[in-house]
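Visitor: Take this structure first; my questions come after.
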Amino acid sequence: MIVAVDGRAVAEVADISVLLRDKAGKQVLLALKGADGKVRRAIAVPAPAARAASFRRSDWEWERRRRVEESSGGRFGYLALRAMGREDVAAFARDFYPLAARDGLVIDVRNNDGGSIDSIVIEKLLRRAWAYWQTRDGRQFWNMQQAFRGRIVVLVNERTYSDGETFAEGMKRLGLATVVGRRTAGAGVWLSDRNRLADGGIARSAELGQVGLDGEWLIEGRGVVPDIEVDNPPHATFNGEDAQLSEAIRILRERLAADPVQVPKAKPYPAPGRP
C-alpha cells in the first residue's frame, strides 16, 4: 500500500488525490509498505484523471472477461461497450469477431455513455446463417461469415444512458437477447451539439423522440426495463462480486441446456462419378 507521496504521509489527508494534485505526467516518490511491513521507495509518474479512469475500467472489463471465460470453459464470450461512438465501433469489431463462434455472449452496456451506433451493432447481430460450406475432409464454414449463432445476454444498469439504452431496447424487442440488470436512465431523446454559443458552451434541447412499432414512446423518462431485474448491492460490489454478471452466465447455461446451438453433422460426399 502507498503510505507516502513525496515524503508526505497519506494518513495526513482525507484522500490520496490531494497529494497527487497537479502531479499528472510528473515524477513522484512513493513510499510503499509491503505485506511484510517493510517500506520501500519507488518513482512513479501519475496518469491524468481521464486516463487513470480508463485504466480502471479496462481492469474491470478484463476481470469480467476472465470470469466469463473460466466459468464457461471458453464456451461464452464477453465484450463491453463503454459508449456508442466511433471508438466503440472499433472496440466492438475488435472484441466481437474473435467470439463469433462461441455458444454464448455477454454484451455489457452498464455505465454506457451513449452515442449513435446502435443500428451498426444490431445489424451485425441480426446476421443469420442459412447454409454452410463443407470441405472434403469434413470441415464446415457457415455461408454468413461471423453470423453469431449462440445465445446473448445484455447487461444494463441505472447508468446505462442514451444510445446504450436504445441498443438494449432494440436487442430486447427484436428477440436477440435477454436483458439483465436494473432499469436504465431513461434518456431516449436525440440531442445534437449544433447550437454552439459565443462562449464555447452549448444550448441543447430535445429534437427527436423514439416511437415503437406499437405507437408508444420509447425510453425517455422511463428507461429500459430488463427482462430479469438484478441489483448489485454496494457492499458486495466493493468486495468484487457482480451478481448481474453471475446471472448472465446462469441464463446462458440454462438457455443452452434447453436449446443447444445446433452443429450439423458432416455430410458424406457422393462417390466419384455420381451427382
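By convention in this document, the chains of the C-alpha cells carry letters A, B, ... by their order, each chain's residues are numbered from 1, and ligands are numbered from 1 in the order they are shown.
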Which residues are close to A:Ala266, i.e. within 9 Å by only C-alpha atoms, leaving aside same-chain residues fewer than 3 positions away? Reply as a PyMOL selection string.
Guide: chain A and resi 134+138-140
Visitor: Please report, as a count of residues only, each residue of stretch 179-248 of chain A to which DSSP assigns strand (DSSP E) when run on this structure's backbone.
Guide: 5
Visitor: Could you give me the residues within stretch 18-255 of chain A that DSSP places in helix (DSSP H, G or I), as a PyMOL selection string?
Guide: chain A and resi 18+49-72+86-99+118-126+163-173+234-238+243-255
Visitor: List as a Markdown table every residue of stretch 82-139 of chain A that is in contact with stretch 148-152 of chain A, defined as an atom at most 7 Å from one of its atoms (using only C-alpha atoms), together with the nearest atom pair and the distance in Å rounded to one decimal, sorted by chain and then rising number.
Guide:
| residue | atom | partner | partner_atom | distance |
| --- | --- | --- | --- | --- |
| A:Ala100 | CA | A:Phe148 | CA | 5.2 |
| A:Ala101 | CA | A:Phe148 | CA | 6.5 |
| A:Arg102 | CA | A:Gly150 | CA | 6.5 |
| A:Asp103 | CA | A:Gly150 | CA | 4.4 |
| A:Gly104 | CA | A:Arg151 | CA | 4.8 |
| A:Leu105 | CA | A:Ile152 | CA | 4.8 |
| A:Val106 | CA | A:Ile152 | CA | 5.9 |
| A:Leu125 | CA | A:Phe148 | CA | 6.4 |
Visitor: May I have the residues within 7 Å of A:Arg159 as a list in words, using only C-alpha atoms and disregarding those fewer than 6 positions away in the same chain?
Guide: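 Listing them by chain and then by number gives Arg110, Asn111, Asn112, Thr184 and Ala185 of chain A.
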Visitor: Within 10 Å of stretch 225-243 of chain A, which residues of stretch 113-218 of chain A come that close, and what is the closest atom pair and distance in Å for each? Count only C-alpha atoms and give it as a tab-separated table.
Guide:
residue	atom	partner	partner_atom	distance
A:Val154	CA	A:Pro226	CA	9.1
A:Leu155	CA	A:Pro226	CA	8.6
A:Val156	CA	A:Pro226	CA	7.5
A:Asn157	CA	A:Asp231	CA	8.4
A:Glu158	CA	A:Asp231	CA	9.9
A:Glu165	CA	A:Val225	CA	9.8
A:Ala168	CA	A:Pro226	CA	8.7
A:Glu169	CA	A:Val225	CA	8.4
A:Lys172	CA	A:Asp227	CA	8.2
A:Ala177	CA	A:Asp227	CA	9.5
A:Thr178	CA	A:Asp227	CA	6.2
A:Val179	CA	A:Pro226	CA	4.9
A:Val180	CA	A:Ile228	CA	4.9
A:Gly181	CA	A:Val230	CA	4.7
A:Arg182	CA	A:Glu229	CA	5.7
A:Arg183	CA	A:Val225	CA	4.8
A:Thr184	CA	A:Val225	CA	7.0
A:Gly186	CA	A:Val225	CA	9.8
Visitor: Restrict the selected residues to N, CA and C atoms and save them as a PDB file, in the first residue's frame.
Guide:
ATOM      1  N   VAL A 154     -27.644  -9.194 -22.536  1.00  0.00           N
ATOM      2  CA  VAL A 154     -27.195  -7.809 -22.465  1.00  0.00           C
ATOM      3  C   VAL A 154     -27.343  -7.329 -21.026  1.00  0.00           C
ATOM      4  N   LEU A 155     -26.265  -6.761 -20.471  1.00  0.00           N
ATOM      5  CA  LEU A 155     -26.281  -6.243 -19.105  1.00  0.00           C
ATOM      6  C   LEU A 155     -26.493  -4.730 -19.113  1.00  0.00           C
ATOM      7  N   VAL A 156     -27.447  -4.251 -18.309  1.00  0.00           N
ATOM      8  CA  VAL A 156     -27.730  -2.818 -18.186  1.00  0.00           C
ATOM      9  C   VAL A 156     -27.798  -2.450 -16.709  1.00  0.00           C
ATOM     10  N   ASN A 157     -27.667  -1.148 -16.429  1.00  0.00           N
ATOM     11  CA  ASN A 157     -27.905  -0.662 -15.069  1.00  0.00           C
ATOM     12  C   ASN A 157     -28.449   0.755 -15.127  1.00  0.00           C
ATOM     13  N   GLU A 158     -28.605   1.362 -13.958  1.00  0.00           N
ATOM     14  CA  GLU A 158     -29.209   2.692 -13.883  1.00  0.00           C
ATOM     15  C   GLU A 158     -28.357   3.776 -14.541  1.00  0.00           C
ATOM     16  N   GLU A 165     -29.092   2.698 -24.126  1.00  0.00           N
ATOM     17  CA  GLU A 165     -30.456   2.254 -23.843  1.00  0.00           C
ATOM     18  C   GLU A 165     -31.165   1.816 -25.121  1.00  0.00           C
ATOM     19  N   ALA A 168     -30.024  -1.636 -26.000  1.00  0.00           N
ATOM     20  CA  ALA A 168     -30.609  -2.666 -25.140  1.00  0.00           C
ATOM     21  C   ALA A 168     -32.079  -2.899 -25.475  1.00  0.00           C
ATOM     22  N   GLU A 169     -32.825  -1.819 -25.716  1.00  0.00           N
ATOM     23  CA  GLU A 169     -34.242  -1.952 -26.057  1.00  0.00           C
ATOM     24  C   GLU A 169     -34.413  -2.655 -27.400  1.00  0.00           C
ATOM     25  N   LYS A 172     -33.794  -6.333 -27.077  1.00  0.00           N
ATOM     26  CA  LYS A 172     -34.935  -6.952 -26.389  1.00  0.00           C
ATOM     27  C   LYS A 172     -36.126  -7.104 -27.326  1.00  0.00           C
ATOM     28  N   ALA A 177     -31.755 -10.968 -27.500  1.00  0.00           N
ATOM     29  CA  ALA A 177     -31.044 -11.142 -26.231  1.00  0.00           C
ATOM     30  C   ALA A 177     -32.010 -11.078 -25.056  1.00  0.00           C
ATOM     31  N   THR A 178     -31.548 -11.615 -23.939  1.00  0.00           N
ATOM     32  CA  THR A 178     -32.208 -11.421 -22.650  1.00  0.00           C
ATOM     33  C   THR A 178     -31.500 -10.261 -21.964  1.00  0.00           C
ATOM     34  N   VAL A 179     -32.255  -9.269 -21.500  1.00  0.00           N
ATOM     35  CA  VAL A 179     -31.673  -8.093 -20.851  1.00  0.00           C
ATOM     36  C   VAL A 179     -31.731  -8.279 -19.337  1.00  0.00           C
ATOM     37  N   VAL A 180     -30.582  -8.099 -18.689  1.00  0.00           N
ATOM     38  CA  VAL A 180     -30.446  -8.347 -17.249  1.00  0.00           C
ATOM     39  C   VAL A 180     -29.862  -7.114 -16.571  1.00  0.00           C
ATOM     40  N   GLY A 181     -30.354  -6.796 -15.370  1.00  0.00           N
ATOM     41  CA  GLY A 181     -29.770  -5.708 -14.586  1.00  0.00           C
ATOM     42  C   GLY A 181     -30.822  -4.839 -13.951  1.00  0.00           C
ATOM     43  N   ARG A 182     -30.592  -3.517 -14.001  1.00  0.00           N
ATOM     44  CA  ARG A 182     -31.519  -2.548 -13.437  1.00  0.00           C
ATOM     45  C   ARG A 182     -32.079  -1.633 -14.519  1.00  0.00           C
ATOM     46  N   ARG A 183     -33.251  -1.057 -14.255  1.00  0.00           N
ATOM     47  CA  ARG A 183     -33.878  -0.118 -15.194  1.00  0.00           C
ATOM     48  C   ARG A 183     -32.878   0.999 -15.540  1.00  0.00           C
ATOM     49  N   THR A 184     -32.799   1.338 -16.826  1.00  0.00           N
ATOM     50  CA  THR A 184     -31.800   2.296 -17.289  1.00  0.00           C
ATOM     51  C   THR A 184     -32.229   3.747 -17.026  1.00  0.00           C
ATOM     52  N   GLY A 186     -33.215   6.377 -18.774  1.00  0.00           N
ATOM     53  CA  GLY A 186     -34.421   6.979 -19.348  1.00  0.00           C
ATOM     54  C   GLY A 186     -34.146   8.224 -20.166  1.00  0.00           C
TER      55      GLY A 186
END
